[in-house]
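Novice: Coordinates in model03.cif, mmCIF, C-alpha atoms, are listed below.
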data_entry
loop_
_atom_site.label_atom_id
_atom_site.label_comp_id
_atom_site.auth_asym_id
_atom_site.auth_seq_id
_atom_site.Cartn_x
_atom_site.Cartn_y
_atom_site.Cartn_z
CA PRO S 10 15.59 245.65 -105.06
CA HIS S 11 14.04 248.99 -106.03
CA HIS S 12 16.45 251.89 -105.74
CA PRO S 13 14.97 255.40 -105.38
CA SER S 14 15.74 257.89 -108.12
CA SER S 15 18.58 260.35 -107.70
CA MET S 16 18.04 263.08 -105.10
CA ALA S 17 20.56 265.39 -106.77
CA THR S 18 19.41 268.78 -108.07
CA PRO S 19 21.83 269.80 -110.84
CA HIS S 20 19.43 272.54 -112.00
CA ARG S 21 20.47 274.52 -108.94
CA ASP S 22 24.17 274.54 -109.93
CA SER S 23 26.05 277.82 -110.04
CA GLU S 24 29.61 279.14 -109.87
CA LEU S 25 29.91 277.86 -106.29
CA ARG S 26 27.83 274.70 -106.68
CA ARG S 27 28.65 271.81 -109.02
CA THR S 28 26.81 268.51 -109.35
CA PHE S 29 28.53 265.51 -110.90
CA PRO S 30 26.62 262.45 -112.21
CA PRO S 31 27.18 259.14 -110.41
CA PHE S 32 30.03 256.93 -111.54
CA ALA S 33 29.10 253.67 -113.20
CA PRO S 34 29.92 250.40 -111.41
CA ARG S 35 33.39 249.02 -112.12
CA PRO S 36 33.63 245.26 -112.80
CA GLU S 37 37.23 245.10 -111.57
CA PRO S 38 38.68 246.98 -108.59
CA GLN S 39 40.99 249.81 -109.68
CA ASP S 40 42.87 252.67 -108.08
CA PHE S 41 40.63 255.60 -107.24
CA ALA S 42 43.39 258.12 -107.93
CA THR S 43 46.15 258.24 -110.52
CA THR S 44 47.35 261.81 -109.90
CA TRP S 45 49.44 262.87 -106.94
CA TRP S 46 46.76 265.28 -105.67
CA GLY S 47 44.01 262.65 -105.98
CA GLN S 48 46.19 260.22 -104.03
CA ALA S 49 46.79 262.89 -101.37
CA TRP S 50 43.01 263.04 -100.87
CA VAL S 51 42.86 259.24 -100.48
CA ASP S 52 45.80 259.32 -98.03
CA ALA S 53 44.02 261.95 -95.91
CA LEU S 54 41.15 259.49 -95.51
CA GLU S 55 43.11 256.29 -95.00
CA HIS S 56 45.67 257.73 -92.56
CA THR S 57 42.84 258.89 -90.30
CA ALA S 58 40.59 255.81 -90.41
CA LEU S 59 40.69 253.53 -87.39
CA ASP S 60 39.04 250.51 -89.04
CA VAL S 61 40.48 249.13 -92.28
CA ASN S 62 37.43 246.90 -92.68
CA ARG S 63 35.17 249.96 -93.03
CA LEU S 64 37.53 251.32 -95.68
CA ALA S 65 37.36 248.02 -97.57
CA ARG S 66 33.55 248.08 -97.43
CA GLY S 67 33.60 251.69 -98.63
CA ARG S 68 35.78 250.77 -101.61
CA GLY S 69 33.35 247.98 -102.43
CA TYR S 70 30.38 250.37 -102.28
CA ALA S 71 32.20 252.80 -104.55
CA ASP S 72 33.15 250.10 -107.09
CA ALA S 73 29.54 248.84 -107.08
CA GLY S 74 28.22 252.30 -108.03
CA ASN S 75 26.33 252.81 -104.74
CA VAL S 76 27.23 256.50 -104.59
CA ASP S 77 24.63 258.78 -106.20
CA ALA S 78 25.37 262.13 -107.86
CA ILE S 79 27.93 264.18 -105.94
CA THR S 80 27.36 267.87 -105.13
CA VAL S 81 30.39 270.03 -104.29
CA THR S 82 30.14 273.46 -102.65
CA PRO S 83 32.74 275.47 -100.69
CA GLY S 84 33.76 273.35 -97.71
CA LEU S 85 31.28 270.53 -98.40
CA VAL S 86 30.86 267.34 -100.46
CA LEU S 87 27.34 265.86 -100.35
CA ALA S 88 25.87 262.64 -101.83
CA TYR S 89 23.38 259.89 -101.07
CA VAL S 90 24.89 256.41 -100.69
CA ARG S 91 22.94 253.17 -100.92
CA GLY S 92 23.65 250.72 -98.13
CA SER S 93 21.92 247.62 -96.83
CA ARG S 94 18.59 249.41 -96.31
CA PRO S 95 16.17 250.50 -99.07
CA ARG S 96 16.51 254.21 -98.23
CA PRO S 97 19.94 255.69 -99.06
CA TYR S 98 21.99 257.50 -96.43
CA ARG S 99 22.83 261.20 -96.61
CA VAL S 100 26.61 261.57 -96.42
CA GLN S 101 28.70 264.73 -96.04
CA LEU S 102 32.42 265.41 -96.12
CA ARG S 103 33.51 268.73 -94.70
CA LEU S 104 36.81 270.48 -95.42
CA ARG S 105 37.94 273.84 -94.06
CA ARG S 106 37.75 276.72 -96.53
CA LEU S 107 40.85 278.83 -97.04
CA SER S 108 40.98 282.28 -95.48
CA ASP S 109 41.27 285.41 -97.58
CA GLU S 110 44.93 285.67 -96.56
CA ASP S 111 45.59 282.10 -97.75
CA TRP S 112 43.92 282.83 -101.08
CA GLU S 113 45.97 286.01 -101.48
CA ARG S 114 49.24 284.08 -101.02
CA LEU S 115 48.09 281.34 -103.38
CA LEU S 116 47.02 283.76 -106.14
CA GLU S 117 50.23 285.78 -105.88
CA ALA S 118 52.27 282.59 -106.14
CA ALA S 119 50.35 281.52 -109.25
CA VAL S 120 50.76 284.92 -110.94
CA ASP S 121 54.52 284.75 -110.35
CA SER S 122 54.66 281.40 -112.18
CA PRO S 123 52.95 281.33 -115.62
CA ALA S 124 53.75 277.61 -115.79
CA ASP S 125 51.44 277.02 -112.81
CA ILE S 126 48.58 278.83 -114.57
CA ALA S 127 49.17 276.81 -117.74
CA ALA S 128 49.10 273.59 -115.70
CA LEU S 129 45.78 274.56 -114.09
CA LEU S 130 44.28 275.25 -117.51
CA ASP S 131 45.36 271.72 -118.50
CA LYS S 132 43.49 270.38 -115.44
CA GLU S 133 46.70 269.62 -113.54
CA LEU S 134 47.72 270.74 -110.05
CA PRO S 135 51.44 271.64 -110.05
CA HIS S 136 53.52 270.68 -107.02
CA THR S 137 54.95 274.19 -106.90
CA LEU S 138 51.50 275.70 -106.33
CA ALA S 139 50.66 273.27 -103.54
CA ASP S 140 54.03 273.85 -101.81
CA ARG S 141 53.62 277.61 -101.18
CA GLY S 142 52.77 277.30 -97.48
CA VAL S 143 49.00 277.25 -98.11
CA PRO S 144 47.14 274.11 -96.91
CA LEU S 145 45.56 273.38 -100.28
CA LEU S 146 45.51 269.58 -99.95
CA PRO S 147 43.88 267.94 -96.91
CA GLY S 148 46.01 266.28 -94.33
CA PRO S 149 45.15 263.51 -91.83
CA GLY S 150 42.15 264.61 -89.82
CA ASP S 151 41.15 267.46 -92.17
CA LEU S 152 38.26 265.53 -93.74
CA ILE S 153 35.26 265.52 -91.38
CA PRO S 154 32.66 262.88 -92.39
CA GLN S 155 29.02 262.85 -91.34
CA CYS S 156 26.43 260.18 -92.27
CA SER S 157 22.78 259.54 -91.42
CA CYS S 158 23.47 255.82 -90.83
CA PRO S 159 23.61 254.42 -87.26
CA ASP S 160 27.29 253.45 -87.60
CA SER S 161 29.43 255.63 -85.31
CA GLY S 162 32.70 254.83 -87.10
CA ARG S 163 34.74 257.72 -88.44
CA PRO S 164 34.50 257.27 -91.27
CA CYS S 165 31.68 254.80 -91.76
CA LYS S 166 31.67 252.71 -94.94
CA HIS S 167 29.23 255.13 -96.65
CA ALA S 168 31.44 258.15 -95.98
CA ALA S 169 34.48 256.18 -97.13
CA ALA S 170 32.70 255.31 -100.40
CA LEU S 171 31.91 259.00 -101.02
CA CYS S 172 35.50 259.97 -100.23
CA TYR S 173 36.88 257.44 -102.72
CA GLN S 174 34.54 258.64 -105.46
CA THR S 175 35.46 262.27 -104.71
CA ALA S 176 39.10 261.34 -105.33
CA ARG S 177 38.09 260.37 -108.87
CA LEU S 178 36.53 263.83 -109.34
CA LEU S 179 39.69 265.55 -108.13
CA ASP S 180 41.75 263.30 -110.39
CA ALA S 181 39.93 264.61 -113.46
CA ASP S 182 39.62 268.26 -112.40
CA PRO S 183 41.69 269.94 -109.63
CA PHE S 184 39.30 272.92 -109.74
CA VAL S 185 36.95 270.71 -107.67
CA LEU S 186 39.51 270.89 -104.88
CA LEU S 187 39.78 274.67 -105.28
CA LEU S 188 35.98 274.92 -105.10
CA LEU S 189 36.03 272.92 -101.87
CA ARG S 190 38.56 275.39 -100.52
CA GLY S 191 36.19 278.27 -101.30
CA ARG S 192 36.63 279.66 -104.83
CA GLY S 193 34.86 278.77 -108.13
CA GLU S 194 36.72 278.05 -111.36
CA ARG S 195 35.47 281.09 -113.32
CA GLU S 196 36.24 283.49 -110.46
CA LEU S 197 39.75 282.07 -110.10
CA LEU S 198 40.52 282.24 -113.83
CA ASP S 199 39.20 285.81 -114.08
CA THR S 200 41.25 286.88 -111.08
CA LEU S 201 44.41 285.21 -112.40
CA SER S 202 43.86 286.82 -115.81
CA ARG S 203 43.51 290.32 -114.33
CA ARG S 204 46.49 289.92 -112.03
CA SER S 205 48.69 288.48 -114.80
CA ALA S 206 47.87 291.44 -117.06
CA ALA S 207 48.58 293.90 -114.25
CA SER S 208 51.85 292.16 -113.43
CA ALA S 209 52.96 292.26 -117.07
CA ALA S 210 52.06 295.97 -117.28
CA ARG S 211 54.08 296.76 -114.14
CA ALA S 212 57.07 294.84 -115.50
CA ALA S 213 56.86 296.73 -118.79
CA ARG S 214 56.76 300.09 -116.99
CA GLU S 215 59.75 299.15 -114.88
CA ARG S 216 61.79 298.14 -117.94
CA GLY S 217 60.97 301.42 -119.67
CA PRO S 218 60.36 301.89 -123.40
CA ALA S 219 62.63 299.79 -125.56
CA ALA S 220 64.47 301.40 -128.42
CA LEU S 221 62.59 300.59 -131.60
CA PRO S 222 64.69 299.87 -134.69
CA GLY S 223 63.75 302.15 -137.59
CA VAL S 224 64.38 302.62 -141.29
CA ARG S 225 64.03 305.68 -143.47
CA ALA S 226 60.78 305.82 -145.44
CA SER S 227 62.66 306.39 -148.71
CA GLU S 228 64.56 303.16 -148.14
CA ALA S 229 61.46 301.21 -147.13
CA LEU S 230 59.57 302.32 -150.26
CA ALA S 231 62.46 301.96 -152.69
CA GLY S 232 61.95 299.34 -155.34
CA ARG S 233 64.13 296.27 -154.95
CA PRO S 234 63.99 292.66 -156.07
CA LEU S 235 62.24 290.37 -153.62
CA PRO S 236 63.68 286.96 -152.77
CA PRO S 237 61.87 283.99 -154.27
CA LEU S 238 59.21 282.29 -152.22
CA PRO S 239 60.19 278.97 -150.64
CA ALA S 240 59.05 275.82 -152.40
CA PRO S 241 55.69 274.54 -151.08
CA LEU S 242 55.70 271.48 -148.90
CA PRO S 243 54.70 268.24 -150.66
CA ALA S 244 51.03 267.35 -150.35
CA PRO S 245 50.26 264.37 -148.09
CA ALA S 246 49.41 261.13 -149.84
CA HIS S 247 45.97 260.95 -148.24
CA PRO S 248 43.84 262.93 -145.78
CA GLU S 249 44.46 262.25 -142.13
CA ALA S 250 41.90 260.44 -139.98
CA PRO S 251 40.13 262.63 -137.39
CA PRO S 252 40.65 262.01 -133.67
CA ALA S 253 38.19 260.03 -131.60
CA TYR S 254 35.50 262.28 -130.16
CA PRO S 255 34.21 261.27 -126.70
CA ALA S 256 30.51 261.25 -125.97
CA ALA S 257 29.38 263.72 -123.31
CA PRO S 258 25.89 264.24 -121.83
CA GLY S 259 24.26 267.10 -123.70
CA GLY S 260 27.22 267.36 -126.08
CA PRO S 261 27.36 266.89 -129.83
CA ASP S 262 26.93 263.46 -131.40
CA PRO S 263 30.45 261.95 -131.71
CA PHE S 264 29.38 259.98 -134.80
CA ALA S 265 28.21 263.17 -136.53
CA LEU S 266 31.45 264.95 -135.56
CA ASP S 267 33.51 262.09 -136.96
CA GLN S 268 31.47 262.15 -140.18
CA LEU S 269 31.90 265.91 -140.67
CA ALA S 270 35.59 265.92 -139.72
CA THR S 271 36.37 263.05 -142.11
CA ASP S 272 34.53 264.80 -144.94
CA ALA S 273 36.26 268.13 -144.23
CA ALA S 274 39.67 266.42 -144.29
CA ALA S 275 38.89 264.74 -147.63
CA ARG S 276 37.69 268.03 -149.17
CA ALA S 277 40.73 269.91 -147.88
CA HIS S 278 43.05 267.26 -149.31
CA ALA S 279 41.34 267.42 -152.71
CA LEU S 280 41.53 271.23 -152.69
CA LEU S 281 45.23 271.10 -151.80
CA THR S 282 46.15 268.56 -154.47
CA THR S 283 43.86 269.68 -157.33
CA GLY S 284 43.21 273.34 -156.59
CA ARG S 285 39.43 272.99 -156.66
CA ASP S 286 36.68 272.03 -154.24
CA PRO S 287 35.08 268.81 -155.52
CA VAL S 288 31.71 269.64 -153.97
CA GLY S 289 31.62 273.42 -154.24
CA GLY S 290 28.88 273.46 -156.89
CA LEU S 291 26.56 270.83 -155.39
CA THR S 292 23.03 271.55 -154.26
CA LEU S 293 21.97 270.77 -150.70
CA TRP S 294 20.33 267.52 -151.84
CA GLN S 295 23.35 266.45 -153.89
CA ASP S 296 25.69 267.15 -150.97
CA ALA S 297 23.47 265.13 -148.63
CA VAL S 298 23.64 262.19 -151.07
CA ARG S 299 27.43 262.58 -151.29
CA LEU S 300 27.79 262.55 -147.49
CA ALA S 301 25.61 259.44 -147.16
CA ALA S 302 27.46 257.67 -149.98
CA ALA S 303 30.79 258.32 -148.26
CA ARG S 304 29.70 256.13 -145.35
CA PRO S 305 31.61 252.83 -145.90
CA GLY S 306 29.82 249.53 -146.29
CA SER S 307 26.69 248.46 -148.07
CA GLY S 308 24.50 247.32 -145.16
CA LEU S 309 22.22 249.68 -143.29
CA THR S 310 23.61 249.45 -139.75
CA ALA S 311 22.02 251.31 -136.86
CA ALA S 312 24.52 254.16 -137.26
CA THR S 313 23.93 254.31 -141.03
CA ARG S 314 20.15 254.34 -140.59
CA SER S 315 20.50 257.22 -138.13
CA LEU S 316 22.69 259.12 -140.60
CA TYR S 317 20.23 258.52 -143.48
CA ALA S 318 17.28 259.66 -141.35
CA THR S 319 19.07 262.85 -140.27
CA LEU S 320 20.23 263.77 -143.78
CA ALA S 321 16.87 262.94 -145.37
CA ALA S 322 15.00 265.10 -142.85
CA ALA S 323 17.40 268.00 -143.49
CA VAL S 324 16.57 268.03 -147.22
CA ASP S 325 12.87 267.13 -146.90
CA ARG S 326 13.27 263.68 -148.46
CA THR S 327 12.61 260.14 -147.22
CA PRO S 328 15.35 257.69 -146.19
CA ALA S 329 14.24 255.38 -149.04
CA GLU S 330 14.74 258.16 -151.60
CA LEU S 331 18.14 258.88 -150.10
CA ALA S 332 19.13 255.19 -150.22
CA ARG S 333 18.27 254.98 -153.95
CA ALA S 334 20.19 258.19 -154.63
CA VAL S 335 23.20 256.82 -152.72
CA ALA S 336 23.18 253.75 -154.97
CA ALA S 337 23.20 256.04 -158.03
CA TRP S 338 26.04 258.15 -156.59
CA ARG S 339 28.13 255.08 -155.90
CA GLN S 340 27.43 253.93 -159.45
CA GLY S 341 28.63 257.10 -161.17
CA GLY S 342 29.02 260.05 -158.80
CA LEU S 343 27.17 263.23 -159.66
CA ALA S 344 26.62 262.00 -163.23
CA GLY S 345 25.05 258.80 -161.89
CA LEU S 346 22.69 260.79 -159.65
CA THR S 347 21.70 262.95 -162.65
CA VAL S 348 20.90 259.81 -164.68
CA LEU S 349 18.64 258.61 -161.84
CA GLU S 350 16.71 261.86 -161.56
CA GLU S 351 16.66 263.23 -165.12
CA SER S 352 15.33 261.85 -168.39
CA TRP S 353 16.22 263.60 -171.66
CA ASP S 354 16.02 263.16 -175.42
CA PRO S 355 19.46 262.14 -176.72
CA PRO S 356 20.47 263.11 -180.27
CA ALA S 357 20.79 260.52 -183.01
CA GLY S 358 23.95 258.45 -182.82
CA ARG S 359 25.04 256.46 -179.80
CA PHE S 360 21.48 255.86 -178.58
CA ASP S 361 20.32 254.60 -181.98
CA ARG S 362 23.29 252.24 -182.33
CA ALA S 363 22.64 250.61 -178.96
CA ARG S 364 19.63 248.50 -180.01
CA PRO S 365 21.44 246.71 -182.87
CA LEU S 366 24.35 246.00 -180.52
CA LEU S 367 21.98 244.44 -177.99
CA LEU S 368 20.31 242.33 -180.70
CA ALA S 369 23.72 241.16 -181.93
CA ALA S 370 24.43 239.94 -178.38
CA ASP S 371 21.32 237.68 -178.55
CA LEU S 372 19.32 240.04 -176.38
CA PRO S 373 15.69 240.88 -177.19
CA ALA S 374 14.58 244.22 -178.62
CA PHE S 375 14.67 246.75 -175.81
CA ARG S 376 11.86 249.31 -175.73
CA PRO S 377 13.10 252.90 -176.17
CA TRP S 378 11.76 255.90 -174.25
CA ARG S 379 13.72 259.12 -174.24
CA ASN S 380 17.20 258.09 -172.94
CA HIS S 381 15.92 254.73 -171.54
CA LEU S 382 16.09 251.26 -173.14
CA THR S 383 13.95 248.75 -171.22
CA HIS S 384 13.96 244.94 -171.52
CA PRO S 385 10.57 243.71 -172.78
CA VAL S 386 10.10 241.65 -169.63
CA GLY S 387 10.53 244.88 -167.73
CA HIS S 388 13.13 244.21 -165.04
CA ALA S 389 16.35 245.32 -166.81
CA GLN S 390 17.00 248.78 -168.18
CA LEU S 391 19.77 250.89 -169.70
CA ARG S 392 19.97 254.66 -169.33
CA LEU S 393 22.21 256.84 -171.44
CA GLY S 394 23.87 259.62 -169.46
CA ARG S 395 24.84 262.99 -170.81
CA ASP S 396 28.44 261.86 -170.32
CA GLY S 397 27.95 259.22 -173.08
CA LEU S 398 28.02 256.26 -170.66
CA TRP S 399 25.37 253.57 -170.26
CA TYR S 400 24.01 253.00 -166.76
CA ALA S 401 22.32 249.68 -165.90
CA TYR S 402 19.17 249.54 -163.77
CA GLU S 403 17.17 246.62 -162.41
CA SER S 404 13.66 246.19 -161.01
CA GLU S 405 11.50 243.38 -159.72
CA PRO S 406 9.39 241.86 -162.54
CA GLY S 407 6.08 243.65 -162.84
CA HIS S 408 7.24 246.66 -160.79
CA ASP S 409 8.43 250.08 -161.81
CA ASP S 410 11.01 250.33 -159.04
CA TRP S 411 14.37 250.90 -160.70
CA TRP S 412 17.67 250.70 -158.81
CA PRO S 413 21.17 251.32 -160.21
CA ARG S 414 23.31 248.23 -160.74
CA GLY S 415 26.98 247.79 -161.61
CA ALA S 416 29.30 250.36 -163.16
CA PRO S 417 28.63 252.59 -166.21
CA ASP S 418 30.24 251.62 -169.52
CA LEU S 419 30.60 252.98 -173.04
CA ASP S 420 29.31 249.63 -174.36
CA PRO S 421 25.62 248.95 -173.58
CA VAL S 422 26.17 245.19 -173.62
CA SER S 423 29.06 245.43 -171.11
CA ALA S 424 26.97 247.68 -168.86
CA LEU S 425 24.41 244.87 -168.52
CA THR S 426 26.90 242.26 -167.26
CA THR S 427 25.87 242.82 -163.63
CA VAL S 428 22.13 242.52 -164.35
CA ASP S 429 20.37 239.14 -164.40
CA ILE S 430 18.89 238.95 -167.94
CA PRO S 431 16.38 236.15 -168.61
CA ASP S 432 17.29 233.70 -171.41
CA SER S 433 13.99 234.13 -173.25
CA LEU S 434 10.74 236.04 -173.05
#
Please render this file's structure as structure tokens.

Specialist:
Amino acid sequence: PHHPSSMATPHRDSELRRTFPPFAPRPEPQDFATTWWGQAWVDALEHTALDVNRLARGRGYADAGNVDAITVTPGLVLAYVRGSRPRPYRVQLRLRRLSDEDWERLLEAAVDSPADIAALLDKELPHTLADRGVPLLPGPGDLIPQCSCPDSGRPCKHAAALCYQTARLLDADPFVLLLLRGRGERELLDTLSRRSAASAARAARERGPAALPGVRASEALAGRPLPPLPAPLPAPAHPEAPPAYPAAPGGPDPFALDQLATDAAARAHALLTTGRDPVGGLTLWQDAVRLAAARPGSGLTAATRSLYATLAAAVDRTPAELARAVAAWRQGGLAGLTVLEESWDPPAGRFDRARPLLLAADLPAFRPWRNHLTHPVGHAQLRLGRDGLWYAYESEPGHDDWWPRGAPDLDPVSALTTVDIPDSL
């Protein structure tokens, strides 16, 4: 069946209006609340309901993902819930807002207990804050449902589904409950911050100025031997792995974060153990090649293709150019990339001795050009790097499309062991 698009309007959100995206369907039934305050919300619903069958249908609707985006404002939870008809039903849950006197008692109680403020910042609702004589959590009969469906049950299955999904919101963030009771998160945190600072200032004034220990300036400036510094801690054997970064709508790419965090850890470990930054002198292009080459594996997976496309666009290159450069980097690091991109005229010596060595190994006469020696058939090549090593390259016959192969070697014959050399011309 065709389901209408969401009727939520998150663009209208403000300090006192929050819209939460719909929960995905759950293949297996699970508890809707794992925290004590989330369970208190569920109890307020279930202890009031007169028909357990409606509650069971509501749980089924919630598990099936029939509840659209949920909007929370002071005293009201609103969502559209799909039922048996094509048009969804408009469902509301009302909860009494706290009076100014109730809020005053609650804020004073929180200021008197820094542990309660710390718990709120960790998205937890401490028992001590909810037990201060202020009706923060709903009790039986406090939740007032209203639905546009013809069912007169209180609650109907659509309202029950919304109530169960709201328990999941409260589970993750108790500030949703505080918003329902009338105050937004930013306003509460600002108020608690101001009152905590004022309370600390009053306590300091009441204690009076503390006697400050002093020392004569002549003694402080007198020359004296300093104790030796403690021995540094041993360096870890390897860089630590970064934590797993969750994906969030509109947030940073978790794959990119993992890539950058892993690279930063490796650079920090190298700097700690060697005293130098291994990539401090690289150009932007060279650093992009290094980052792409650090991605494990040889196949271009979807994630690797995305990484190559992003890095190539950042340095105004194509993904194919980046892939070839990565092969050169994996062959010989920065020196291997230089061999790929730079040709030069080597002095007499090692380059001149290479051709007789190749002939002695029953290989044909390679054609020289600058620091290149190319097989006469044209699909195997050696390049002499400025580091004195030979780098093997291979291309399809009849094409000038050279790709690095194998590992560099001081011996030109050994460098060709990974390249398929034809037996004869």

Novice: Quick one: residues within 9 Å of Ala169 of chain S, all atoms listed in the file, excluding same-chain residues fewer than 2 positions away - as a list in words?

Specialist: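 Neighbouring residues, sequence-local ones excluded: Leu54, Glu55, Arg63, Leu64, Ala65, Arg66, Gly67, Arg68, Tyr70, Ala71, Pro154, Arg163, Pro164, Cys165, Lys166, His167, Leu171, Cys172, Tyr173 and Gln174 of chain S.
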
Novice: Could you work out an axis-aligned bounding box for all listed atoms of segment 180-195 of chain S, with 5 Å added on each of the six sides, and give its centre and edge lengths in Å to one decimal, as lines of an AutoDock Vina configuration file?

Specialist:
center_x = 38.3
center_y = 272.2
center_z = -107.0
size_x = 16.9
size_y = 27.8
size_z = 22.9

Novice: Quote the spacing between atom CA of Arg105 of chain S and atom CA of Gly92 of chain S in Å to one decimal place.

Specialist: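 Separation of atom CA of Arg105 of chain S and atom CA of Gly92 of chain S: 27.5 Å.
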
Novice: Env of Leu320 of chain S: 9 Å cut, atoms = only C-alpha atoms, seq-sep filter 5 positions within chain, self excluded. Answer as a PyMOL selection string.

Specialist: chain S and resi 294+297-298+300-301+315+325-326+328+331

Novice: So which one's closest to Leu187 of chain S, S:Ala337, S:Ala257, S:Ala311, S:Leu25? Using only C-alpha atoms, please.

Specialist: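 Under the stated criterion, the closest residue is S:Leu25.
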
Novice: Give as a PyMOL selection string the residues that the PyMOL selection byres ((chain S and resi 349) around 8) matches when applied to the coordinates above.

Specialist: chain S and resi 334+337+345-348+350-351+413

Novice: Quick one: pull the distance between atom CA of Arg333 of chain S and atom CA of Trp412 of chain S, Å, one decimal.

Specialist: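 Separation of atom CA of Arg333 of chain S and atom CA of Trp412 of chain S: 6.5 Å.
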
Novice: Expressed in Å to a single decimal, how great is the separation between atom CA of Thr426 of chain S and atom CA of Gly407 of chain S?

Specialist: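 Distance between the two atoms: 21.3 Å.
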
Novice: For Pro356 of chain S, which residue out of S:Ala168, S:Leu393, S:Ala332, S:Ala303 is the nearest one, using only C-alpha atoms?

Specialist: S:Leu393

Novice: Please identify all polymer residues within 7 Å of segment 119-132 of chain S, counting only C-alpha atoms, omitting same-chain residues fewer than 2 positions from it, and present them as an mmCIF file with C-alpha atoms, keeping the file's coordinate frame.

Specialist:
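See part-v4.cif below for the written result:
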data_model
loop_
_atom_site.group_PDB
_atom_site.id
_atom_site.type_symbol
_atom_site.label_atom_id
_atom_site.label_comp_id
_atom_site.auth_asym_id
_atom_site.auth_seq_id
_atom_site.Cartn_x
_atom_site.Cartn_y
_atom_site.Cartn_z
ATOM 1 C CA LEU S 115 48.090 281.340 -103.380
ATOM 2 C CA LEU S 116 47.020 283.760 -106.140
ATOM 3 C CA GLU S 117 50.230 285.780 -105.880
ATOM 4 C CA LEU S 134 47.720 270.740 -110.050
ATOM 5 C CA PRO S 135 51.440 271.640 -110.050
ATOM 6 C CA LEU S 138 51.500 275.700 -106.330
ATOM 7 C CA ASP S 182 39.620 268.260 -112.400
ATOM 8 C CA PRO S 183 41.690 269.940 -109.630
ATOM 9 C CA LEU S 201 44.410 285.210 -112.400
ATOM 10 C CA ARG S 204 46.490 289.920 -112.030
ATOM 11 C CA SER S 205 48.690 288.480 -114.800
#

Novice: For the structure provided, state which residues fall under the PyMOL selection byres ((chain S and resi 193) around 10), and present them as a list in words.

Specialist: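 Output from the PyMOL selection byres ((chain S and resi 193) around 10), applied to this file: Ser23, Glu24, Leu25, Arg26, Arg27, Thr82, Pro83, Phe184, Val185, Leu186, Leu187, Leu188, Leu189, Arg190, Gly191, Arg192, Glu194, Arg195, Glu196, Leu197 and Leu198 of chain S.
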
Novice: Any chance you could work out the residue set of the PyMOL selection byres ((chain S and resi 254) around 9) here, as a list in words?

Specialist: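 In the shown coordinates, the PyMOL selection byres ((chain S and resi 254) around 9) covers Pro251, Pro252, Ala253, Pro255, Ala256, Asp262, Pro263, Phe264, Leu266 and Asp267 of chain S.
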
Novice: Restricting the calculation to only C-alpha atoms, which member of S:Leu269, S:Leu372, S:Gln390, S:Leu366 is positioned closest to Leu419 of chain S?

Specialist: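 Ranking S:Leu269, S:Leu372, S:Gln390, S:Leu366 by distance to Leu419 of chain S, first place goes to S:Leu366.
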